[in-house]
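Asker: As input, take coords23.pdb (PDB, C-alpha atoms, pLDDT in the B column):
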ATOM      1  CA  MET A   1      95.623 -49.283  28.409  1.00 53.00           C
ATOM      2  CA  LYS A   2      95.232 -50.107  24.835  1.00 53.00           C
ATOM      3  CA  PRO A   3      93.117 -48.169  22.492  1.00 59.00           C
ATOM      4  CA  ALA A   4      89.710 -49.642  21.925  1.00 64.00           C
ATOM      5  CA  ALA A   5      90.226 -50.025  18.198  1.00 60.00           C
ATOM      6  CA  ALA A   6      93.400 -51.981  18.709  1.00 62.00           C
ATOM      7  CA  GLU A   7      91.593 -54.400  21.042  1.00 71.00           C
ATOM      8  CA  ARG A   8      88.998 -55.205  18.508  1.00 69.00           C
ATOM      9  CA  GLY A   9      91.340 -55.460  15.641  1.00 72.00           C
ATOM     10  CA  TRP A  10      89.394 -53.239  13.372  1.00 73.00           C
ATOM     11  CA  SER A  11      88.521 -49.517  13.225  1.00 73.00           C
ATOM     12  CA  ASN A  12      85.619 -47.509  11.930  1.00 76.00           C
ATOM     13  CA  ARG A  13      86.886 -45.493   9.131  1.00 76.00           C
ATOM     14  CA  PRO A  14      84.571 -42.984   7.475  1.00 76.00           C
ATOM     15  CA  LEU A  15      83.338 -44.193   4.151  1.00 78.00           C
ATOM     16  CA  VAL A  16      84.160 -42.001   1.237  1.00 80.00           C
ATOM     17  CA  ARG A  17      81.989 -42.509  -1.746  1.00 80.00           C
ATOM     18  CA  GLU A  18      82.758 -41.293  -5.159  1.00 83.00           C
ATOM     19  CA  ALA A  19      80.444 -38.636  -6.529  1.00 84.00           C
ATOM     20  CA  ASP A  20      77.949 -40.179  -8.904  1.00 87.00           C
ATOM     21  CA  THR A  21      77.818 -37.517 -11.580  1.00 90.00           C
ATOM     22  CA  GLN A  22      75.544 -39.487 -13.879  1.00 93.00           C
ATOM     23  CA  ARG A  23      72.811 -39.790 -11.238  1.00 92.00           C
ATOM     24  CA  ALA A  24      73.182 -36.111 -10.317  1.00 91.00           C
ATOM     25  CA  ARG A  25      72.743 -35.144 -13.968  1.00 94.00           C
ATOM     26  CA  SER A  26      69.733 -37.422 -14.221  1.00 95.00           C
ATOM     27  CA  LEU A  27      68.208 -35.826 -11.119  1.00 95.00           C
ATOM     28  CA  TRP A  28      68.757 -32.312 -12.501  1.00 95.00           C
ATOM     29  CA  ARG A  29      67.200 -33.358 -15.824  1.00 96.00           C
ATOM     30  CA  VAL A  30      64.113 -34.695 -14.069  1.00 96.00           C
ATOM     31  CA  LEU A  31      63.808 -31.517 -11.972  1.00 96.00           C
ATOM     32  CA  GLY A  32      64.217 -29.349 -15.090  1.00 96.00           C
ATOM     33  CA  CYS A  33      61.550 -31.322 -16.953  1.00 96.00           C
ATOM     34  CA  LEU A  34      59.191 -31.000 -13.986  1.00 96.00           C
ATOM     35  CA  ALA A  35      59.803 -27.248 -13.854  1.00 95.00           C
ATOM     36  CA  ILE A  36      59.088 -26.932 -17.572  1.00 96.00           C
ATOM     37  CA  ALA A  37      55.999 -29.145 -17.296  1.00 95.00           C
ATOM     38  CA  LEU A  38      54.615 -27.253 -14.298  1.00 95.00           C
ATOM     39  CA  SER A  39      55.324 -23.743 -15.571  1.00 95.00           C
ATOM     40  CA  PRO A  40      52.022 -23.533 -17.552  1.00 95.00           C
ATOM     41  CA  VAL A  41      50.159 -24.527 -14.407  1.00 95.00           C
ATOM     42  CA  VAL A  42      51.910 -21.788 -12.434  1.00 95.00           C
ATOM     43  CA  VAL A  43      51.150 -19.235 -15.164  1.00 96.00           C
ATOM     44  CA  CYS A  44      47.504 -20.356 -15.228  1.00 97.00           C
ATOM     45  CA  VAL A  45      47.176 -20.034 -11.446  1.00 97.00           C
ATOM     46  CA  VAL A  46      48.745 -16.559 -11.493  1.00 96.00           C
ATOM     47  CA  GLN A  47      46.411 -15.426 -14.287  1.00 97.00           C
ATOM     48  CA  GLN A  48      43.374 -16.900 -12.562  1.00 97.00           C
ATOM     49  CA  ASN A  49      44.334 -15.106  -9.351  1.00 97.00           C
ATOM     50  CA  GLU A  50      44.642 -11.816 -11.255  1.00 97.00           C
ATOM     51  CA  CYS A  51      41.302 -12.430 -12.961  1.00 97.00           C
ATOM     52  CA  LEU A  52      39.613 -13.046  -9.603  1.00 97.00           C
ATOM     53  CA  ARG A  53      41.149  -9.870  -8.182  1.00 97.00           C
ATOM     54  CA  ILE A  54      39.842  -7.866 -11.139  1.00 98.00           C
ATOM     55  CA  LEU A  55      36.380  -9.450 -10.822  1.00 97.00           C
ATOM     56  CA  PHE A  56      36.208  -8.543  -7.128  1.00 98.00           C
ATOM     57  CA  ALA A  57      37.275  -4.977  -7.911  1.00 97.00           C
ATOM     58  CA  LEU A  58      34.699  -4.775 -10.708  1.00 98.00           C
ATOM     59  CA  ASN A  59      31.986  -6.060  -8.417  1.00 98.00           C
ATOM     60  CA  ALA A  60      32.916  -3.483  -5.782  1.00 97.00           C
ATOM     61  CA  LEU A  61      32.748  -0.749  -8.436  1.00 98.00           C
ATOM     62  CA  ARG A  62      29.315  -1.987  -9.552  1.00 98.00           C
ATOM     63  CA  VAL A  63      28.038  -1.858  -5.983  1.00 98.00           C
ATOM     64  CA  GLU A  64      29.475   1.642  -5.552  1.00 98.00           C
ATOM     65  CA  HIS A  65      27.956   2.739  -8.879  1.00 98.00           C
ATOM     66  CA  GLU A  66      24.520   1.477  -7.833  1.00 98.00           C
ATOM     67  CA  ALA A  67      24.809   3.262  -4.482  1.00 97.00           C
ATOM     68  CA  LEU A  68      25.787   6.489  -6.255  1.00 98.00           C
ATOM     69  CA  ARG A  69      22.850   6.126  -8.662  1.00 98.00           C
ATOM     70  CA  ASN A  70      20.476   5.705  -5.719  1.00 97.00           C
ATOM     71  CA  GLU A  71      21.999   8.721  -3.994  1.00 97.00           C
ATOM     72  CA  GLU A  72      21.714  10.752  -7.199  1.00 97.00           C
ATOM     73  CA  GLN A  73      18.036   9.825  -7.494  1.00 97.00           C
ATOM     74  CA  LEU A  74      17.430  10.899  -3.896  1.00 97.00           C
ATOM     75  CA  LEU A  75      19.251  14.166  -4.546  1.00 96.00           C
ATOM     76  CA  ARG A  76      17.160  14.793  -7.673  1.00 96.00           C
ATOM     77  CA  VAL A  77      13.978  14.310  -5.665  1.00 94.00           C
ATOM     78  CA  GLU A  78      15.320  16.608  -2.936  1.00 94.00           C
ATOM     79  CA  ARG A  79      16.300  19.221  -5.526  1.00 93.00           C
ATOM     80  CA  ALA A  80      12.846  19.115  -7.139  1.00 92.00           C
ATOM     81  CA  ARG A  81      11.266  19.509  -3.723  1.00 90.00           C
ATOM     82  CA  LEU A  82      13.511  22.447  -2.855  1.00 89.00           C
ATOM     83  CA  GLU A  83      13.014  24.141  -6.225  1.00 88.00           C
ATOM     84  CA  SER A  84       9.213  24.067  -6.152  1.00 89.00           C
ATOM     85  CA  PHE A  85       7.835  27.587  -6.451  1.00 88.00           C
ATOM     86  CA  ALA A  86       5.154  26.987  -3.827  1.00 88.00           C
ATOM     87  CA  ARG A  87       7.808  26.004  -1.265  1.00 90.00           C
ATOM     88  CA  ILE A  88      10.031  28.970  -2.149  1.00 88.00           C
ATOM     89  CA  GLU A  89       7.092  31.366  -1.916  1.00 87.00           C
ATOM     90  CA  ALA A  90       6.035  29.898   1.450  1.00 88.00           C
ATOM     91  CA  TRP A  91       9.615  30.178   2.736  1.00 88.00           C
ATOM     92  CA  ALA A  92       9.916  33.782   1.506  1.00 89.00           C
ATOM     93  CA  THR A  93       6.715  34.863   3.246  1.00 89.00           C
ATOM     94  CA  ARG A  94       7.361  32.878   6.431  1.00 90.00           C
ATOM     95  CA  GLU A  95      11.119  33.319   6.958  1.00 90.00           C
ATOM     96  CA  ARG A  96      11.919  36.561   5.176  1.00 89.00           C
ATOM     97  CA  GLY A  97       8.668  38.415   5.620  1.00 88.00           C
ATOM     98  CA  LEU A  98       8.332  39.093   1.902  1.00 88.00           C
ATOM     99  CA  ALA A  99       4.965  39.801   0.354  1.00 85.00           C
ATOM    100  CA  ARG A 100       3.610  39.146  -3.111  1.00 83.00           C
ATOM    101  CA  PRO A 101       4.046  42.219  -5.348  1.00 79.00           C
ATOM    102  CA  ASP A 102       1.072  44.142  -6.613  1.00 81.00           C
ATOM    103  CA  PRO A 103       0.252  42.849 -10.132  1.00 78.00           C
ATOM    104  CA  ARG A 104       0.118  46.461 -11.359  1.00 80.00           C
ATOM    105  CA  ARG A 105       3.778  46.871 -10.446  1.00 80.00           C
ATOM    106  CA  VAL A 106       5.020  43.849 -12.405  1.00 78.00           C
ATOM    107  CA  LEU A 107       6.541  44.719 -15.748  1.00 76.00           C
ATOM    108  CA  VAL A 108       7.005  42.106 -18.503  1.00 75.00           C
ATOM    109  CA  LEU A 109       9.885  42.796 -20.881  1.00 71.00           C
ATOM    110  CA  PRO A 110      10.914  41.022 -24.083  1.00 68.00           C
ATOM    111  CA  LEU A 111      13.936  38.808 -23.630  1.00 68.00           C
ATOM    112  CA  ASP A 112      15.825  40.265 -26.571  1.00 65.00           C
ATOM    113  CA  ALA A 113      16.130  43.658 -24.873  1.00 55.00           C
ATOM    114  CA  THR A 114      19.816  44.420 -24.464  1.00 59.00           C
ATOM    115  CA  GLU A 115      19.485  46.861 -21.577  1.00 59.00           C
ATOM    116  CA  PRO A 116      16.371  46.653 -19.417  1.00 54.00           C
ATOM    117  CA  ARG A 117      17.248  50.063 -17.962  1.00 57.00           C
ATOM    118  CA  ASP A 118      16.749  51.643 -21.387  1.00 54.00           C
ATOM    119  CA  LEU A 119      13.298  50.090 -21.628  1.00 52.00           C
ATOM    120  CA  LEU A 120      12.362  51.277 -18.133  1.00 55.00           C
ATOM    121  CA  ALA A 121      13.475  54.804 -18.931  1.00 56.00           C
ATOM    122  CA  GLY A 122      11.062  54.943 -21.872  1.00 53.00           C
ATOM    123  CA  GLY A 123       8.170  53.651 -19.773  1.00 53.00           C
ATOM    124  CA  PRO A 124       6.409  50.292 -19.747  1.00 51.00           C
ATOM    125  CA  VAL A 125       6.674  48.252 -22.908  1.00 50.00           C
ATOM    126  CA  ALA A 126       3.640  46.456 -24.251  1.00 51.00           C
ATOM    127  CA  VAL A 127       4.303  42.797 -24.879  1.00 49.00           C
ATOM    128  CA  ASP A 128       1.841  40.749 -26.834  1.00 50.00           C
ATOM    129  CA  SER A 129       1.027  37.982 -24.372  1.00 52.00           C
ATOM    130  CA  THR A 130      -1.098  36.143 -26.905  1.00 54.00           C
ATOM    131  CA  ALA A 131       1.833  35.470 -29.259  1.00 54.00           C
ATOM    132  CA  PRO A 132       2.916  31.854 -28.896  1.00 54.00           C
ATOM    133  CA  ASN A 133       6.485  31.056 -27.879  1.00 54.00           C
ATOM    134  CA  GLN A 134       7.466  34.681 -27.423  1.00 51.00           C
ATOM    135  CA  PRO A 135      10.365  34.826 -24.954  1.00 51.00           C
ATOM    136  CA  ARG A 136       9.623  37.179 -22.099  1.00 50.00           C
ATOM    137  CA  LEU A 137      11.257  38.287 -18.907  1.00 51.00           C
ATOM    138  CA  ALA A 138       9.088  39.238 -15.964  1.00 52.00           C
ATOM    139  CA  GLY A 139      10.440  41.243 -13.109  1.00 52.00           C
ATOM    140  CA  TRP A 140       9.130  43.231 -10.216  1.00 49.00           C
ATOM    141  CA  VAL A 141       9.734  46.947 -10.513  1.00 48.00           C
ATOM    142  CA  GLY A 142      10.074  48.425  -7.055  1.00 49.00           C
ATOM    143  CA  HIS A 143      10.463  52.103  -7.883  1.00 49.00           C
ATOM    144  CA  GLY A 144       6.904  53.110  -8.692  1.00 45.00           C
ATOM    145  CA  VAL A 145       6.164  52.228 -12.291  1.00 44.00           C
ATOM    146  CA  ASP A 146       2.402  52.441 -12.707  1.00 41.00           C
TER     147      ASP A 146
END
Once more with this new file: its structure as structure tokens, please.

Answerer:
Amino acid sequence: MKPAAAERGWSNRPLVREADTQRARSLWRVLGCLAIALSPVVVCVVQQNECLRILFALNALRVEHEALRNEEQLLRVERARLESFARIEAWATRERGLARPDPRRVLVLPLDATEPRDLLAGGPVAVDSTAPNQPRLAGWVGHGVD
């Protein structure tokens, strides 16, 4: 049996082409020019993406800031409610069983006194209550000052 190529009289030989260096250089030049031409677009897209990320973060911080301001306002209202003297006095009488002191046992001292004990040792001190803007300290004396 004869080989099939010999029967036909011809054979398929692989084609070997020469490398076309000029076309390859031309292709690389075109690709380089495209890369250079598109690089500003890529930079612009990256910067725009970063700008959008910062804007979203800023918006989230604004929302958080507004929520914290609202919470602070609620806490201020709650603090004012808790600090009211009428509420504290009602709580002291109801929960702690405290009573209002006898007005005769309340001693008013000037604020510039260095040691209140020294003033108590000498007896009650008269404070001019008609003087405007005079700093005073009022306290309840529980050991029988009359």

Asker: For region 33-43 of chain A, what centre and edge lengths in Å (one decimal) does the axis-aligned box get once 6 Å is added on each side of all its listed atoms, as AutoDock Vina command-line options?

Answerer:
--center_x 55.9 --center_y -25.3 --center_z -15.0 --size_x 23.4 --size_y 24.1 --size_z 17.1

Asker: What does the distance from CA of Leu74 (chain A) to CA of Ala92 (chain A) come to in Å, to one decimal?

Answerer: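 Pair CA of Leu74 (chain A) / CA of Ala92 (chain A) returns 24.7 Å.
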
Asker: Could you check how far CA of Ala57 (chain A) sits from CA of Leu75 (chain A), in Å to one decimal?

Answerer: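 The value is 26.5 Å.
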
Asker: Mind pulling up the distance from CA of Arg87 (chain A) to CA of Leu68 (chain A)?

Answerer: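 Atom-to-atom, CA of Leu68 (chain A) to CA of Arg87 (chain A), that is 27.0 Å.
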